[in-house]
Amino acid sequence: MTENPSDDTDHNELVNYMETEEEWDNLAEITPSFKDGRERLEDSDCAESNPDLRTRLTSLGQVYQYLDSGVLDDYLAELTEPPKTNFDLLFNCICTIRPLPPHIEQGKQTIQASALIPFLNDEKLHLSTIRTIYRQLTGSRFDCPRYGHHWEDIGFQGNDPATDLRGVGFLGVVQVLYLVTTPEVLPFAKDVYSLSRSQTQEFPLMVLSLNVTRIVLHLLRDGLLDKQCYKDDDAWCAVNSMYAAVLFNIYHVWKSQHKTISNSGFVLKDAEENARRNPDKLLTDFGAFLKENYSVGEKQSSREQIIRDTNHNT
């Protein structure tokens, strides 16, 4: 990739959009940029820096078990309800058919609290999760080093992913893990990654993803996903499905309308408005896209790869 002299100016569109959300001011500090001569980390480099070569992929089940182990206790106490306007109260009355069961309310609290967990260097699961994301997107056969410019390949902004994760915390990692370890969604994740590396339409994928997580987190807090939570009987399922649907909305607009990084702020804003106005439509559109564009064979191949690399060491 080549560096465009106007990139820093164009990338400010993305930053300006993020700065409109005061509670996520840490995320607004992320300034997308691309480096000259950036190359993908070679498998030999990964193998040399990691004696274990390749470990098991981290699964969503492992992450959920970790979050239920008591690590959220302190963060749950920090949660506060956003102030409600008369419009919000009326809208919630219309959208929420009935009170949510306790287990779904608890799930919503867990999701919000997970956004407060910072990336922890001494927590093995945190490192294995971002390594899983890297391997699944790039096709690397081995675990990559903790630090290095290889993280820029998947759209982090430097050699330390923890810096970018300050805005939505560990939740930002969990949602990408869903994207790359769900067989029905993995082919789409690879297409998004491919577009992010395009010579003409490149964008920092992980920065975009963290913004999508922020959008979905706000939908959840405002009660706009309660209907889907009730339908799925699972808050995590609803939130992750909406995350993928919002990302698809952005991907579709970006690709079909030939958007570039200079348009990113407007694309993100429109995607959030679409999600708030009609979340059901975004979910329906994404479901139809998956059905029409990826064969049963592709999804089965993804399933076999995920199962193999989750259950076996090499």
# chains A, B, ... in the order shown; residues from 1 in each chain; ligands from 1
$ residues_around --residues "A:Asn159" --least-positions-apart "5" --cutoff "8 Å" --atoms "only C-alpha atoms" --output "NGL selection string"
:A and (147-152)
$ residues_around --residues "A:Ala238" --least-positions-apart "6" --cutoff "9 Å" --atoms "only C-alpha atoms" --output "JSON, numbers by chain"
{"A": [225, 226, 228, 229, 230, 231, 232]}
$ closest_residue --among "A:Leu247, A:Cys237, A:Val212, A:Ile133" --to "A:Ile154" --atoms "only C-alpha atoms"
A:Ile133
$ residues_around --residues "A:Thr200" --least-positions-apart "6" --cutoff "10 Å" --atoms "only C-alpha atoms" --output "ChimeraX atom specification"
/A:1,258-261
$ atom_distance --atom1 "atom CA of A:Gln112" --atom2 "atom CA of A:Val267"
24.7 Å
